[in-house]
Structures are given as structure tokens and as C-alpha cells.
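K.L.:
Right, I'll just put the structure down here and ask away after.
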Amino acid sequence: MIPKEILKKIRKLEIQTKGIVNSLFGGEYQSAFKGRGMEFFEVRAYTYGDDIRQIDWNVTARTGDPFIKIFEEEREQTLMLCIDISQSGTFGTHEQSKMDLAIEICAVLAFSAIKNSDKVGLVLFSDHIEKVVPPKKGRTHVLRLIREMYTTKPTGKGTDIADGLSYINRLLDRRAIVVLASDFQDKDFDKQLRITNQKHDLVSIIINDQYEDELPELGLVKMRDAETGAEKIIDTSSTKVRKAYKINRMKQKAYLQEMMLKMKIDAVEVKTNESYVKPLMNFFQRRGSRY
């Protein structure tokens with residue numbers, strides 16, 4: 001049985017995200033993610049101004065009149081949501097955790113996908129694969145995905161992005177849209193990132209919290225790594241400590257951004273204390289203008 005509070009949460013999220021999709025993202029999603037290509041639709045009689053390269057010479061020879069081939073975009077695609085549910089995702093200093101934000105953004109993308117008749121699948125991972133739901137269409141299926149996002153409790157604490165992407169690459173035999181939602185607190189995943197980007201249309205959703213970038217001045221604070229359990233007392237009243245922390249964090253983010261840029265991977269950075277609507281809209285419009 002699903003707890004009532006989870007059902008209530010799912011229903012609230014459905015209403016909220018569907019409203020955003022219908023008012024903002026439905027058409028933007030279709031523009032950003034084009035179909036796999038063009039497929040033959042029918043032939044029709046040639047008219048002045050038609051491209052002669054599209055003439056169907058077999059039909060033309062058989063009928064004695066010129067006919068051209070008509071193609072249409074092969075629209076249906078598969079959207080695969082690959083979500084990091086490691087323990088670091090439970091962190092959040094505002095109204096929602098990083099995990100809650102990842103779920104909400106992925107729900108928006110899932111409802112946008114089914115609005116355009118695409119299939120949606122799900123892979124949840126920590127330091128190993130936690131849950132897999134094969135791609136399907138329809139509202140009921142998306143609600144199931146959201147339920148799995150909320151109710152799946154990770155058995156692993158760490159993060160293994162390379163393992164999650166490697167599984168996706170083995171699972172999907174056709175090119176798909178792969179959305180990787182994570183705080184990217186991991187190392188040595190660049191090889192699988194490159195492979196996935198070559199095989200699929202990879203989009204990275206980088207989830208951050210404000211106080212991961214900059215320590216607040218709170219005096220002596222015991223800090224605990226959610227994934228390793230290691231604890232350390234930090235003197236946040238020290239300007240030197242706060243500055244060193246910020247510099248180290250900026251280096252980590254710069255390295256990640258440089259990696260995405262070098263591999264030509266679309267990346268969207270969002271924070272728990274800010275609305276994701278503008279960054280996501282900018283991403284859709286940026287993608288749409290390229291095609």
C-alpha cells in the first residue's frame with residue numbers, strides 16, 4: 001500500500017507540473033527534441049515548384065505522369081530519465097531537497113514527453129542500479145514513474161554515475177533522449193558520459209543547493225558527508241575557511257562545466273532556492289534555435 005501522504009504528494013505534483021507543461025513547456029519540448037528523422041509518407045502528383053530531387057521515378061514511369069515522394073518527421077521518441085538517488089540528494093536548506101527538485105523537473109519532462117506521444121522510462125541509481133522501469137506511453141505510466149521516484153529507498157549511499165550510464169547504454173538499443181539528473185558528487189565518470197553522449201541525446205540536469213557553493217557564517221559546525229558518513233568540525237566563522245571552501249567548490253563546478261562543454265553536452269544548472277522554470281525554458285529555447 002502507498003502511504004496517503006505519498007499519494008497526496010503525487011497528486012499535487014501532477015497538478016503543478018501539468019499546469020507548467022500546458023502553459024509553458026509542451027511546445028518548447030517538441031521544438032527542443034526533434035524526431036529521429038524523416039520517413040516516407042505518400043506520393044502525390046508533381047506540381048510546379050516541387051523539388052525535382054523528390055520525384056518517385058518508379059511511380060512516374062508506371063503512370064506516365066510525374067509524382068513526388070512526401071516525407072514526414074518520425075516524431076515518436078523515447079525519453080529515459082536517469083536519476084541519482086544517493087544520500088547526498090537528501091540535502092536541502094530551503095523548502096525542498098535536491099531530490100525533491102530532481103523529481104519535480106523530471107515530472108515536467110515526463111508530462112511534456114507524453115503530451116508529444118513519446119515513451120518515458122526510468123532508471124534510479126546510487127552506487128548501483130536501484131530501480132528500472134521500461135519506457136511506455138501514457139499518463140498512468142508517468143504517475144507510476146513519479147510514485148517510484150518518491151517511494152524507492154536506496155540501499156546504497158554513494159554515487160556511481162558511470163554505472164548508471166553504462167546500464168542505460170546496455171538497456172537501450174535505439175537512440176533516445178537521456179536525462180541525467182544528479183548533483184554530480186562523483187569522480188571518474190567522464191568515459192561513460194562521452195559514450196552515452198555519442199549513442200544518445202544526453203542532457204545533464206545539475207542539481208545544487210545554495211550552501212553547497214558558499215558556507216554560511218554559523219561558528220563551529222559539525223558537518224557530515226551523507227554518502228560516506230565521515231564527520232568533521234568546521235569553523236565557519238573563519239573567513240579563511242569559508243574562502244578556501246568556496247574556491248574548492250568553484251574549481252569542482254568549473255571542471256564539470258568544462259567537461260560538459262568539451263563533450264558538447266547540454267547542461268542545465270538548477271538550485272533548490274530558485275525556480276527551475278527560467279533555466280529550463282532557456283534550455284528549451286537554446287535547443288530549439290539550433291534546429
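Note on naming: chains are A, B, ... as they come in the C-alpha cells, residues start from 1 per chain, ligands start from 1 in the order shown.
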With range 258-278 of chain A as the partner and 10 Å as the cut-off, tabulate the residues of range 83-136 of chain A that qualify, each row holding the nearest pair of atoms and their distance in Å to one decimal, using only C-alpha atoms, sorted by chain and rising number, as a tab-separated table.

P.N.:
```
residue	atom	partner	partner_atom	distance
A:Phe91	CA	A:Thr272	CA	9.6
A:Gly92	CA	A:Thr272	CA	6.8
A:Thr93	CA	A:Thr272	CA	7.8
A:His94	CA	A:Asn273	CA	5.9
A:Glu95	CA	A:Asn273	CA	7.7
A:Gln96	CA	A:Thr272	CA	6.3
A:Ser97	CA	A:Thr272	CA	6.6
A:Lys98	CA	A:Thr272	CA	6.2
A:Met99	CA	A:Thr272	CA	9.4
A:Asp100	CA	A:Thr272	CA	8.8
A:Leu101	CA	A:Thr272	CA	6.5
A:Ala102	CA	A:Val270	CA	9.2
A:Glu104	CA	A:Tyr276	CA	9.4
A:Ile105	CA	A:Tyr276	CA	7.6
A:Val108	CA	A:Val277	CA	9.9
```

K.L.:
Range 160-169 of chain A: which residues within 7 Å, counting only C-alpha atoms, same-chain residues fewer than 6 positions away excluded, as a short mmCIF file (atom, residue, chain, number, x, y, z; two decimals) with N, CA and C atoms, in the first residue's frame?

P.N.:
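Written file, around.cif:
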```cif
data_model
loop_
_atom_site.label_atom_id
_atom_site.label_comp_id
_atom_site.auth_asym_id
_atom_site.auth_seq_id
_atom_site.Cartn_x
_atom_site.Cartn_y
_atom_site.Cartn_z
N PHE A 125 19.47 5.28 -9.60
CA PHE A 125 20.74 4.69 -9.21
C PHE A 125 21.35 5.41 -8.01
N SER A 126 22.18 4.69 -7.27
CA SER A 126 23.02 5.27 -6.22
C SER A 126 24.45 4.84 -6.56
N ASP A 127 25.03 3.95 -5.74
CA ASP A 127 26.31 3.37 -6.15
C ASP A 127 26.10 2.07 -6.91
N HIS A 128 24.81 1.78 -7.20
CA HIS A 128 24.41 0.67 -8.07
C HIS A 128 23.00 0.97 -8.58
N ILE A 129 22.50 0.16 -9.49
CA ILE A 129 21.16 0.38 -10.03
C ILE A 129 20.11 0.00 -8.99
N ASP A 186 30.66 12.92 -7.67
CA ASP A 186 31.27 11.65 -8.04
C ASP A 186 32.51 11.94 -8.87
N PHE A 189 33.69 9.48 -14.15
CA PHE A 189 32.55 9.06 -14.96
C PHE A 189 32.60 9.66 -16.36
N GLN A 192 32.11 7.15 -19.53
CA GLN A 192 30.73 6.74 -19.79
C GLN A 192 29.88 7.92 -20.23
N THR A 196 27.80 7.71 -23.67
CA THR A 196 26.35 7.94 -23.67
C THR A 196 25.98 9.09 -24.59
#
```

K.L.:
Could you tell me, as a PyMOL selection string, which residues of range 125-246 of chain A DSSP assigns to helix (DSSP H, G or I) when given the backbone?

P.N.:
chain A and resi 139-151+161-171+190-199+210-213+239-246

K.L.:
Neighbouring residues of range 7-10 of chain A were defined as those with any atom within 12 Å, considering only C-alpha atoms; residues of the same chain fewer than 3 positions away were excluded. Please report them as number ranges by chain.

P.N.:
A: 1-4, 13-18, 100, 103-104, 107, 140, 142-151

K.L.:
From a backbone DSSP assignment, name each residue in range 136-235 of chain A labelled strand (DSSP E), as a list in words.

P.N.:
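Matching residues for strand (DSSP E) in range 136-235 of chain A are Lys136, Ile177, Val178, Val179, Leu180, Ala181, Ser182, Asp201, Leu202, Val203, Ser204, Ile205, Ile206, Ile207, Asn208, Leu220, Val221, Lys222, Met223, Arg224, Glu231, Lys232, Ile233, Ile234 and Asp235 of chain A.
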
K.L.:
I need the residue nearest Tyr211 in chain A from this list: A:Ser238, A:Ile85, A:Thr228, A:Tyr245. Use only C-alpha atoms for the distance.

P.N.:
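Comparing A:Ser238, A:Ile85, A:Thr228, A:Tyr245 against Tyr211 in chain A, the winner is A:Tyr245.
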
K.L.:
Can you tell me which residues surround range 21-34 of chain A at a distance of at most 10 Å, considering only C-alpha atoms, apart from same-chain residues fewer than 3 positions away, and format the answer as a PDB file with C-alpha atoms, in the first residue's frame?

P.N.:
```pdb
ATOM      1  CA  GLN A  16       1.547  21.552 -10.572  1.00  0.00           C
ATOM      2  CA  THR A  17       3.743  20.103 -13.317  1.00  0.00           C
ATOM      3  CA  LYS A  18       0.931  19.531 -15.833  1.00  0.00           C
ATOM      4  CA  GLY A  37      14.483  11.753 -38.887  1.00  0.00           C
ATOM      5  CA  GLU A  73       9.121  13.633 -39.379  1.00  0.00           C
ATOM      6  CA  GLU A  74       9.337  10.417 -37.405  1.00  0.00           C
ATOM      7  CA  ARG A  75       8.179  12.112 -34.216  1.00  0.00           C
ATOM      8  CA  GLU A  76       7.953   9.331 -31.633  1.00  0.00           C
ATOM      9  CA  GLN A  77      10.954   9.171 -29.330  1.00  0.00           C
ATOM     10  CA  LEU A  79      12.821   9.805 -23.023  1.00  0.00           C
ATOM     11  CA  ALA A 107       7.984  15.032 -13.826  1.00  0.00           C
ATOM     12  CA  VAL A 108       7.778  18.157 -16.030  1.00  0.00           C
ATOM     13  CA  LEU A 109       9.877  16.458 -18.707  1.00  0.00           C
ATOM     14  CA  ALA A 110       7.844  13.239 -18.463  1.00  0.00           C
ATOM     15  CA  PHE A 111       4.496  15.019 -18.883  1.00  0.00           C
ATOM     16  CA  SER A 112       5.962  17.062 -21.760  1.00  0.00           C
ATOM     17  CA  ALA A 113       7.070  13.813 -23.399  1.00  0.00           C
ATOM     18  CA  ILE A 114       3.687  12.063 -23.218  1.00  0.00           C
ATOM     19  CA  LYS A 115       1.990  15.250 -24.434  1.00  0.00           C
ATOM     20  CA  ASN A 116       4.060  14.712 -27.588  1.00  0.00           C
ATOM     21  CA  ASP A 118       6.798   9.924 -26.641  1.00  0.00           C
ATOM     22  CA  ILE A 177      16.841  11.276 -25.096  1.00  0.00           C
ATOM     23  CA  ASP A 201      20.903  12.716 -26.944  1.00  0.00           C
ATOM     24  CA  VAL A 277      11.281  27.369 -14.799  1.00  0.00           C
ATOM     25  CA  LEU A 280      14.581  25.043 -18.195  1.00  0.00           C
ATOM     26  CA  MET A 281      12.857  27.492 -20.535  1.00  0.00           C
ATOM     27  CA  ASN A 282      16.222  28.958 -21.549  1.00  0.00           C
ATOM     28  CA  PHE A 283      17.478  25.440 -22.250  1.00  0.00           C
ATOM     29  CA  PHE A 284      14.461  24.575 -24.436  1.00  0.00           C
ATOM     30  CA  GLN A 285      14.753  27.824 -26.391  1.00  0.00           C
ATOM     31  CA  ARG A 286      18.508  27.394 -26.814  1.00  0.00           C
ATOM     32  CA  ARG A 287      17.985  23.879 -28.153  1.00  0.00           C
ATOM     33  CA  GLY A 288      15.098  24.905 -30.378  1.00  0.00           C
ATOM     34  CA  SER A 289      17.114  27.696 -32.010  1.00  0.00           C
ATOM     35  CA  ARG A 290      19.799  25.190 -33.051  1.00  0.00           C
ATOM     36  CA  TYR A 291      17.435  23.044 -35.121  1.00  0.00           C
TER      37      TYR A 291
END
```

K.L.:
What is the CA of Glu231 in chain A-CA of Met250 in chain A distance in Å, reported with one decimal?

P.N.:
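Calculated distance between CA of Glu231 in chain A and CA of Met250 in chain A is 22.1 Å.
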
K.L.:
Write out as a ChimeraX atom specification each polymer residue whose atoms come within 10 Å of Asp213 in chain A, counting only C-alpha atoms; drop sequence neighbours fewer than 6 positions from it.

P.N.:
/A:245-250,253

K.L.:
Please save N, CA, C and O atoms of the selected residues as a PDB file, in the first residue's frame.

P.N.:
```pdb
ATOM      1  N   TYR A 245      36.864  27.005   1.149  1.00  0.00           N
ATOM      2  CA  TYR A 245      35.748  26.140   0.763  1.00  0.00           C
ATOM      3  C   TYR A 245      35.151  26.613  -0.565  1.00  0.00           C
ATOM      4  O   TYR A 245      34.897  25.806  -1.473  1.00  0.00           O
ATOM      5  N   LYS A 246      34.922  27.917  -0.681  1.00  0.00           N
ATOM      6  CA  LYS A 246      34.305  28.464  -1.892  1.00  0.00           C
ATOM      7  C   LYS A 246      35.195  28.260  -3.111  1.00  0.00           C
ATOM      8  O   LYS A 246      34.709  27.892  -4.190  1.00  0.00           O
ATOM      9  N   ILE A 247      36.496  28.469  -2.949  1.00  0.00           N
ATOM     10  CA  ILE A 247      37.438  28.283  -4.059  1.00  0.00           C
ATOM     11  C   ILE A 247      37.432  26.831  -4.528  1.00  0.00           C
ATOM     12  O   ILE A 247      37.402  26.551  -5.734  1.00  0.00           O
ATOM     13  N   ASN A 248      37.459  25.908  -3.584  1.00  0.00           N
ATOM     14  CA  ASN A 248      37.448  24.479  -3.920  1.00  0.00           C
ATOM     15  C   ASN A 248      36.161  24.096  -4.644  1.00  0.00           C
ATOM     16  O   ASN A 248      36.186  23.352  -5.632  1.00  0.00           O
ATOM     17  N   ARG A 249      35.051  24.640  -4.153  1.00  0.00           N
ATOM     18  CA  ARG A 249      33.751  24.352  -4.781  1.00  0.00           C
ATOM     19  C   ARG A 249      33.686  24.916  -6.203  1.00  0.00           C
ATOM     20  O   ARG A 249      33.190  24.272  -7.122  1.00  0.00           O
ATOM     21  N   MET A 250      34.196  26.119  -6.395  1.00  0.00           N
ATOM     22  CA  MET A 250      34.191  26.734  -7.710  1.00  0.00           C
ATOM     23  C   MET A 250      35.056  25.945  -8.698  1.00  0.00           C
ATOM     24  O   MET A 250      34.738  25.843  -9.875  1.00  0.00           O
ATOM     25  N   LYS A 253      33.006  22.909  -9.800  1.00  0.00           N
ATOM     26  CA  LYS A 253      31.961  23.286 -10.753  1.00  0.00           C
ATOM     27  C   LYS A 253      32.549  23.656 -12.108  1.00  0.00           C
ATOM     28  O   LYS A 253      31.985  23.316 -13.152  1.00  0.00           O
TER      29      LYS A 253
END
```

K.L.:
Of the candidates A:Glu227, A:Asp188, A:Glu130, A:Asp209, which shows the shortest atom-to-atom distance to Lys157 in chain A, using only C-alpha atoms?

P.N.:
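Selected residue with least distance to Lys157 in chain A: A:Glu227.
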
K.L.:
Nearest residue to Leu180 in chain A out of A:Asp84, A:Asp65, A:Glu42, A:Asp56, using only C-alpha atoms?

P.N.:
A:Asp84

K.L.:
Please provide as a list of chain:residue names all residues within 9 Å of Val179 in chain A, with the sequence filter that same-chain residues fewer than 6 positions apart are discarded (counting only C-alpha atoms).

P.N.:
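Final neighbour list, sorted by chain and number: A:Leu79, A:Met80, A:Leu81, A:Cys82, A:Ile83, A:Cys106, A:Asp201, A:Leu202, A:Val203, A:Ser204, A:Ile205.
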
K.L.:
Out of A:Pro135, A:Leu215, A:Ile195, A:Thr90, which residue has the shortest atom-to-atom distance to Val120 in chain A when counting only C-alpha atoms?

P.N.:
A:Pro135
